[in-house]
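Heads up, start.cif below (mmCIF, C-alpha atoms and all ligand atoms):
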```
data_start
loop_
_atom_site.label_atom_id
_atom_site.label_comp_id
_atom_site.auth_asym_id
_atom_site.auth_seq_id
_atom_site.Cartn_x
_atom_site.Cartn_y
_atom_site.Cartn_z
CA MET Y 830 77.80 -2.40 -23.62
CA LEU Y 831 74.58 -0.66 -22.68
CA VAL Y 832 71.67 -2.94 -23.50
CA ILE Y 833 68.08 -1.74 -23.60
CA GLU Y 834 65.45 -4.45 -24.01
CA GLN Y 835 61.80 -3.90 -24.80
CA LEU Y 836 61.75 -0.64 -22.87
CA SER Y 837 58.38 1.11 -22.58
CA LYS Y 838 56.97 4.05 -20.70
CA THR Y 839 53.32 4.95 -20.47
CA PHE Y 840 51.86 8.12 -18.98
CA GLY Y 841 48.18 7.29 -18.40
CA ASP Y 842 46.83 6.34 -21.83
CA LEU Y 843 49.85 7.69 -23.67
CA THR Y 844 52.71 5.39 -24.65
CA ALA Y 845 55.74 7.69 -24.80
CA VAL Y 846 58.29 4.92 -25.41
CA ASP Y 847 57.07 1.70 -26.96
CA GLY Y 848 59.21 -1.45 -26.81
CA VAL Y 849 62.61 0.06 -27.59
CA SER Y 850 65.55 -2.33 -27.83
CA LEU Y 851 69.09 -1.10 -28.47
CA ALA Y 852 72.59 -2.42 -27.83
CA ILE Y 853 75.11 0.40 -27.57
CA PRO Y 854 78.80 -0.55 -27.49
CA LYS Y 855 81.10 1.35 -25.15
CA GLY Y 856 82.51 4.48 -26.76
CA GLN Y 857 79.88 4.93 -29.42
CA MET Y 858 78.41 8.35 -30.18
CA VAL Y 859 74.71 7.93 -30.88
CA GLY Y 860 72.36 10.64 -32.13
CA VAL Y 861 68.69 10.17 -31.29
CA ILE Y 862 66.43 12.05 -33.68
CA GLY Y 863 62.70 12.32 -34.29
CA ARG Y 864 59.87 14.79 -34.18
CA SER Y 865 58.81 16.57 -31.06
CA GLY Y 866 57.00 14.09 -28.81
CA ALA Y 867 58.64 11.01 -30.41
CA GLY Y 868 59.90 9.84 -27.00
CA LYS Y 869 63.58 10.88 -27.18
CA SER Y 870 63.75 12.64 -23.79
CA THR Y 871 61.78 9.91 -22.05
CA LEU Y 872 64.21 7.31 -23.41
CA LEU Y 873 67.26 9.21 -22.11
CA ARG Y 874 65.61 9.89 -18.76
CA MET Y 875 64.90 6.17 -18.34
CA ILE Y 876 68.55 5.31 -19.01
CA ASN Y 877 69.55 7.72 -16.25
CA ARG Y 878 66.62 6.44 -14.12
CA LEU Y 879 65.19 9.95 -13.73
CA THR Y 880 62.06 8.28 -15.09
CA ASP Y 881 61.19 4.69 -14.21
CA PRO Y 882 60.22 2.44 -17.11
CA THR Y 883 56.80 0.83 -17.19
CA ARG Y 884 58.24 -2.29 -18.82
CA GLY Y 885 61.57 -3.60 -20.07
CA THR Y 886 65.13 -3.71 -18.78
CA ILE Y 887 68.36 -1.77 -19.07
CA THR Y 888 71.71 -3.42 -18.36
CA ASN Y 889 75.17 -1.89 -18.47
CA GLU Y 890 78.23 -4.15 -18.63
CA GLY Y 891 75.93 -6.97 -17.56
CA ARG Y 892 74.57 -5.11 -14.51
CA VAL Y 893 70.81 -4.62 -14.31
CA ILE Y 894 70.21 -0.88 -14.06
CA THR Y 895 66.44 -0.96 -13.94
CA SER Y 896 66.38 -2.56 -10.49
CA LEU Y 897 68.98 -0.33 -8.78
CA LYS Y 898 67.94 1.41 -5.57
CA GLY Y 899 69.37 3.74 -2.92
CA ARG Y 900 73.13 4.34 -3.03
CA ASP Y 901 73.62 2.10 -6.09
CA LEU Y 902 71.05 4.15 -7.98
CA ARG Y 903 72.75 7.42 -6.97
CA LEU Y 904 76.10 6.07 -8.14
CA TRP Y 905 74.57 4.97 -11.46
CA ARG Y 906 73.17 8.46 -11.98
CA ALA Y 907 76.61 9.89 -11.32
CA SER Y 908 78.27 7.50 -13.77
CA CYS Y 909 75.65 8.31 -16.36
CA ALA Y 910 75.89 12.10 -16.50
CA MET Y 911 73.06 14.05 -18.05
CA ILE Y 912 73.08 17.47 -19.62
CA PHE Y 913 69.95 19.38 -20.52
CA GLN Y 914 68.81 22.05 -22.94
CA GLN Y 915 68.51 24.56 -20.07
CA PHE Y 916 72.02 23.93 -18.63
CA ASN Y 917 70.87 23.32 -15.00
CA LEU Y 918 73.46 25.60 -13.39
CA VAL Y 919 73.06 27.81 -10.34
CA GLU Y 920 73.31 31.18 -12.09
CA ARG Y 921 74.32 33.22 -9.05
CA MET Y 922 77.18 30.86 -8.21
CA ASP Y 923 80.57 31.12 -9.89
CA VAL Y 924 81.52 28.73 -12.66
CA LEU Y 925 84.13 26.84 -10.62
CA THR Y 926 81.69 26.12 -7.77
CA ASN Y 927 79.04 25.00 -10.25
CA VAL Y 928 81.51 22.51 -11.69
CA MET Y 929 82.63 21.30 -8.25
CA VAL Y 930 79.01 20.56 -7.36
CA GLY Y 931 79.34 17.90 -10.07
CA ARG Y 932 81.64 16.10 -7.61
CA ILE Y 933 78.63 15.58 -5.33
CA ALA Y 934 78.69 11.82 -5.86
CA HIS Y 935 82.27 11.74 -4.60
CA THR Y 936 82.21 14.42 -1.89
CA GLY Y 937 78.75 13.74 -0.46
CA PHE Y 938 75.65 15.90 -0.44
CA LEU Y 939 76.41 17.77 2.81
CA ARG Y 940 79.91 18.81 1.74
CA ALA Y 941 78.63 19.98 -1.63
CA MET Y 942 75.90 22.04 0.03
CA THR Y 943 78.29 23.61 2.52
CA ARG Y 944 80.75 24.08 -0.34
CA SER Y 945 83.63 22.52 1.56
CA PHE Y 946 85.38 21.10 -1.42
CA THR Y 947 88.75 19.39 -1.37
CA ASP Y 948 91.87 20.39 -3.29
CA GLU Y 949 91.25 17.41 -5.53
CA ASP Y 950 87.75 18.69 -6.31
CA ARG Y 951 89.26 22.05 -7.28
CA VAL Y 952 91.98 20.51 -9.42
CA ARG Y 953 89.52 18.23 -11.21
CA ALA Y 954 87.14 21.13 -11.84
CA ILE Y 955 89.88 23.39 -13.22
CA GLU Y 956 91.15 20.56 -15.45
CA ALA Y 957 87.64 20.07 -16.81
CA LEU Y 958 87.20 23.82 -17.37
CA ASP Y 959 90.55 23.92 -19.14
CA ARG Y 960 89.42 21.20 -21.55
CA LEU Y 961 86.42 23.33 -22.39
CA ASP Y 962 88.42 26.59 -22.73
CA LEU Y 963 86.67 28.11 -19.75
CA VAL Y 964 89.45 28.77 -17.23
CA PRO Y 965 89.26 32.58 -17.73
CA GLN Y 966 85.58 32.43 -16.73
CA ALA Y 967 86.16 30.23 -13.63
CA LEU Y 968 85.36 32.93 -11.08
CA GLN Y 969 82.58 34.58 -13.06
CA ARG Y 970 78.96 34.04 -12.04
CA ALA Y 971 77.47 31.35 -14.28
CA GLY Y 972 74.46 33.51 -15.14
CA THR Y 973 76.69 36.10 -16.81
CA LEU Y 974 78.02 33.64 -19.41
CA SER Y 975 76.62 33.13 -22.91
CA GLY Y 976 74.31 30.15 -23.48
CA GLY Y 977 77.07 28.24 -25.26
CA GLN Y 978 79.54 28.88 -22.45
CA GLN Y 979 76.94 27.80 -19.87
CA GLN Y 980 76.36 24.57 -21.73
CA ARG Y 981 80.13 23.95 -21.78
CA VAL Y 982 80.18 24.58 -18.01
CA ALA Y 983 77.42 21.98 -17.71
CA ILE Y 984 79.59 19.55 -19.69
CA ALA Y 985 82.56 20.28 -17.38
CA LYS Y 986 80.28 19.66 -14.39
CA ALA Y 987 79.22 16.35 -15.92
CA LEU Y 988 82.85 15.40 -16.61
CA VAL Y 989 84.00 15.78 -12.99
CA GLN Y 990 81.44 13.13 -12.04
CA ASN Y 991 83.77 10.67 -13.79
CA PRO Y 992 80.95 9.34 -15.93
CA ARG Y 993 81.03 6.28 -18.17
CA ILE Y 994 78.12 7.51 -20.22
CA MET Y 995 77.11 11.03 -21.19
CA LEU Y 996 73.45 11.66 -21.96
CA ALA Y 997 72.67 14.98 -23.63
CA ASP Y 998 69.03 15.96 -24.01
CA GLU Y 999 68.86 18.52 -26.83
CA PRO Y 1000 72.01 20.28 -25.64
CA ILE Y 1001 72.09 22.72 -28.57
CA ALA Y 1002 68.39 23.45 -29.01
CA SER Y 1003 68.62 26.94 -27.53
CA LEU Y 1004 72.01 27.91 -28.96
CA ASP Y 1005 73.05 29.89 -32.03
CA PRO Y 1006 74.95 27.94 -34.73
CA SER Y 1007 78.47 28.87 -33.65
CA ASN Y 1008 77.82 28.03 -29.98
CA ALA Y 1009 76.06 24.84 -31.07
CA THR Y 1010 79.16 23.82 -33.02
CA ARG Y 1011 81.43 24.41 -30.00
CA VAL Y 1012 79.17 22.33 -27.76
CA MET Y 1013 78.93 19.47 -30.26
CA ASP Y 1014 82.70 19.63 -30.85
CA ALA Y 1015 83.22 19.36 -27.07
CA LEU Y 1016 80.94 16.32 -26.83
CA ARG Y 1017 82.71 14.62 -29.70
CA GLU Y 1018 86.15 15.41 -28.26
CA ILE Y 1019 85.13 13.80 -24.95
CA ASN Y 1020 83.71 10.82 -26.81
CA ARG Y 1021 86.85 10.32 -28.89
CA THR Y 1022 89.48 11.12 -26.23
CA ASP Y 1023 87.92 9.52 -23.15
CA GLY Y 1024 86.08 6.73 -24.95
CA LEU Y 1025 82.86 7.80 -23.23
CA THR Y 1026 79.61 6.54 -24.67
CA VAL Y 1027 77.55 9.58 -25.73
CA LEU Y 1028 73.82 9.55 -26.43
CA VAL Y 1029 72.57 12.87 -27.70
CA ASN Y 1030 69.02 13.89 -28.56
CA LEU Y 1031 68.98 16.24 -31.50
CA HIS Y 1032 66.34 18.09 -33.45
CA THR Y 1033 68.45 18.58 -36.55
CA LEU Y 1034 69.35 15.64 -38.70
CA ASP Y 1035 72.39 17.30 -40.24
CA THR Y 1036 73.99 17.70 -36.78
CA ALA Y 1037 73.38 14.01 -36.03
CA ARG Y 1038 74.90 13.11 -39.41
CA ALA Y 1039 77.96 15.28 -38.90
CA TYR Y 1040 78.82 14.14 -35.37
CA CYS Y 1041 77.43 10.69 -34.66
CA ASP Y 1042 78.63 7.15 -35.45
CA ARG Y 1043 75.09 5.93 -35.33
CA ILE Y 1044 71.65 7.45 -35.68
CA VAL Y 1045 68.58 6.13 -33.90
CA ALA Y 1046 65.38 7.68 -35.23
CA MET Y 1047 62.19 7.47 -33.21
CA ARG Y 1048 58.59 7.96 -34.13
CA ALA Y 1049 55.62 7.53 -31.79
CA GLY Y 1050 57.86 5.97 -29.15
CA GLN Y 1051 59.33 3.33 -31.46
CA VAL Y 1052 62.70 3.00 -33.14
CA ARG Y 1053 62.10 3.42 -36.88
CA PHE Y 1054 65.72 3.57 -37.97
CA ASP Y 1055 68.95 2.42 -36.37
CA GLY Y 1056 72.12 2.59 -38.40
CA THR Y 1057 74.98 4.68 -39.73
CA PRO Y 1058 74.32 8.18 -41.08
CA ASP Y 1059 75.02 6.94 -44.63
CA ALA Y 1060 72.22 4.39 -44.43
CA LEU Y 1061 69.63 7.04 -43.57
CA THR Y 1062 68.24 7.75 -47.03
CA THR Y 1063 65.64 10.37 -47.98
CA GLU Y 1064 62.96 7.65 -48.18
CA LYS Y 1065 63.78 6.51 -44.67
CA VAL Y 1066 63.68 10.09 -43.41
CA ARG Y 1067 60.23 10.48 -44.98
CA ALA Y 1068 59.04 7.31 -43.27
CA ILE Y 1069 60.33 8.52 -39.91
CA TYR Y 1070 58.99 12.04 -40.10
CA GLY Y 1071 55.77 11.06 -41.86
CA SER Y 1072 54.88 11.79 -45.49
CA ASP Y 1073 51.49 13.10 -44.39
CA ASP Y 1074 53.05 16.32 -43.21
CA LEU Y 1075 55.20 17.98 -45.83
CA SER Y 1076 55.88 21.07 -43.77
CA GLY Y 1077 58.15 21.78 -40.85
CA ASP Y 1078 60.21 18.88 -39.58
CA ILE Y 1079 60.07 16.75 -42.71
CA ASN Y 1080 61.06 19.49 -45.14
CA GLU Y 1081 63.93 20.44 -42.89
CA ALA Y 1082 64.96 16.81 -42.47
CA VAL Y 1083 64.68 15.90 -46.15
CA THR Y 1084 66.47 19.09 -47.20
CA SER Y 1085 69.34 18.39 -44.85
CA THR Y 1086 69.48 14.78 -46.12
CA SER Y 1087 69.74 15.95 -49.74
CA LEU Y 1088 72.24 18.64 -48.85
CA SER Y 1089 74.42 16.33 -46.86
CA SER Y 1090 74.54 13.85 -49.75
CA HIS Y 1091 76.27 16.60 -51.78
CA MET Y 1092 78.75 17.40 -49.05
CA SER Y 1093 81.74 15.32 -48.14
CA PRO Y 1094 81.40 14.89 -44.41
CA GLU Y 1095 84.42 14.11 -42.31
CA PRO Y 1096 84.65 10.31 -42.14
CA PHE Y 1097 84.07 8.94 -38.66
CA LYS Y 1098 84.92 5.52 -37.41
CA ALA Y 1099 81.77 3.69 -36.44
CA VAL Y 1100 82.62 2.12 -33.09
CA GLY Y 1101 81.38 -1.43 -32.81
CA THR Y 1102 79.09 -1.23 -35.83
N1 LIG Q 1201 55.90 13.39 -17.26
C1 LIG Q 1201 55.07 13.25 -18.28
N2 LIG Q 1201 53.74 13.14 -18.08
C2 LIG Q 1201 52.89 12.97 -19.11
N3 LIG Q 1201 53.27 12.88 -20.40
C3 LIG Q 1201 54.59 12.99 -20.67
C4 LIG Q 1201 55.55 13.18 -19.62
N4 LIG Q 1201 56.79 13.25 -20.18
C5 LIG Q 1201 56.60 13.12 -21.50
N5 LIG Q 1201 55.29 12.97 -21.80
C6 LIG Q 1201 54.71 12.77 -23.13
O1 LIG Q 1201 55.39 11.68 -23.73
C7 LIG Q 1201 55.58 11.92 -25.13
C8 LIG Q 1201 57.05 11.84 -25.44
O2 LIG Q 1201 57.69 12.95 -24.86
P1 LIG Q 1201 59.26 13.21 -24.95
O3 LIG Q 1201 59.55 14.46 -24.19
O4 LIG Q 1201 59.97 11.99 -24.55
O5 LIG Q 1201 59.44 13.43 -26.52
P2 LIG Q 1201 60.65 14.09 -27.30
O6 LIG Q 1201 60.86 13.28 -28.52
O7 LIG Q 1201 61.83 14.24 -26.38
O8 LIG Q 1201 60.07 15.51 -27.67
P3 LIG Q 1201 60.78 16.94 -27.71
O9 LIG Q 1201 61.72 16.90 -28.87
O10 LIG Q 1201 59.65 17.91 -27.91
O11 LIG Q 1201 61.46 17.12 -26.37
C9 LIG Q 1201 54.97 13.28 -25.41
O12 LIG Q 1201 53.68 13.09 -25.92
C10 LIG Q 1201 54.95 13.95 -24.05
O13 LIG Q 1201 53.90 14.89 -23.97
#
```
Go ahead and express the file in the form of structure tokens.
Ligand SMILES: Nc1ncnc2c1ncn2[C@@H]1O[C@H](COP(=O)(O)OP(=O)(O)OP(=O)(O)O)[C@@H](O)[C@H]1O
Amino acid sequence: MLVIEQLSKTFGDLTAVDGVSLAIPKGQMVGVIGRSGAGKSTLLRMINRLTDPTRGTITNEGRVITSLKGRDLRLWRASCAMIFQQFNLVERMDVLTNVMVGRIAHTGFLRAMTRSFTDEDRVRAIEALDRLDLVPQALQRAGTLSGGQQQRVAIAKALVQNPRIMLADEPIASLDPSNATRVMDALREINRTDGLTVLVNLHTLDTARAYCDRIVAMRAGQVRFDGTPDALTTEKVRAIYGSDDLSGDINEAVTSTSLSSHMSPEPFKAVGT
């Protein structure tokens, strides 16, 4: 169980995350939604400790994450893999090497930099690429792949870290719909097959509804909704996105809420809820 208690982050006068508390059971797939600037990225970055909280605590399986330092902190970051909107690959390096760099926590920084990987590193990387249907691209330079393929490489790179938690910060924001579907399908497959906890920041409510066991909606740094997709009614969406602004985000969000209530989404088991 990942437990976040009264977590806050301020940047000068701005409170980006404001007293967030969440308990996330192992193996749950959680979609974090909210308008731009709601605090979603800051929340994920604090879980990974890329950003240090101003207040509050994070514990995982009873271990206090917020006070980790040095090697323990590096190991936590490895066990809590993060993928980003912009893939974070070395474009001029081939796909296989990019994935093997994900083994950095196991092989050590120097070996990763000198690219002296072990047979096990290679095997693990090829297995991960195979899961993501990317073996044919293994020796291609990462920069020559499509955005969707690059994001799947980033997922493979995250997988070889042997993570317990996967954090995905708007992983589909720069992808076309079919690539977005493949990336979300890959995240869900990993969640279901490996039992990995997945926290994914999403801009579109319908994607969160279709893929996640649980939706956490943020506004102005606070959690305004936390529950199953079914419980997120149009009224609640209006409250989260703000009824003062009937353009942009809210129209999109309310439309997708109404649309999804007419569809019959695939039923998902809510883990631990
Ligand atoms: N390093 C920083 N320094 C100053 N302000 C920051 C920093 N990082 C984030 N912020 C501010 O904190 C607030 C929350 O930002 P955050 O990126 O967490 O929101 P978000 O919900 O992820 O938005 P988006 O969907 O646009 O990525 C914003 O007002 C942002 O400008």
Could you pull out the residues sitting within 9 Å of ligand LIG 1201 (chain Q), using all atoms listed in the file, and write them as a VMD selection string?
chain Y and resid 838 to 841 843 to 846 861 to 874 880 998 to 999 1030 to 1032 1047 to 1050
I'd like the contact shell of Met858 of chain Y - 8 Å cut-off, only C-alpha atoms, skipping same-chain residues fewer than 4 positions apart - returned as a list in words.
Arg1017, Asn1020, Thr1026, Val1027, Leu1028, Val1029, Tyr1040, Cys1041, Asp1042 and Arg1043 of chain Y
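If you look at atom CA of Leu831 of chain Y and atom CA of Ala985 of chain Y, they are 23.0 Å away from each other.
Proximity of Y:Arg1038, Y:Arg1021, Y:Arg981, Y:Arg921 to Leu1004 of chain Y, computed with all atoms listed in the file, is greatest for Y:Arg981.
Residues within 9 Å of Ser1003 of chain Y, counting only C-alpha atoms and excluding same-chain residues fewer than 2 positions away, are Gln914, Gln915, Gly976, Gly977, Glu999, Pro1000, Ile1001, Asp1005 and Ala1009 of chain Y.
With all atoms listed in the file as the atoms that count, the residue of Y:Val989, Y:Ala971, Y:Leu904, Y:Leu1034 with the shortest distance to Ala1046 of chain Y is Y:Leu1034.
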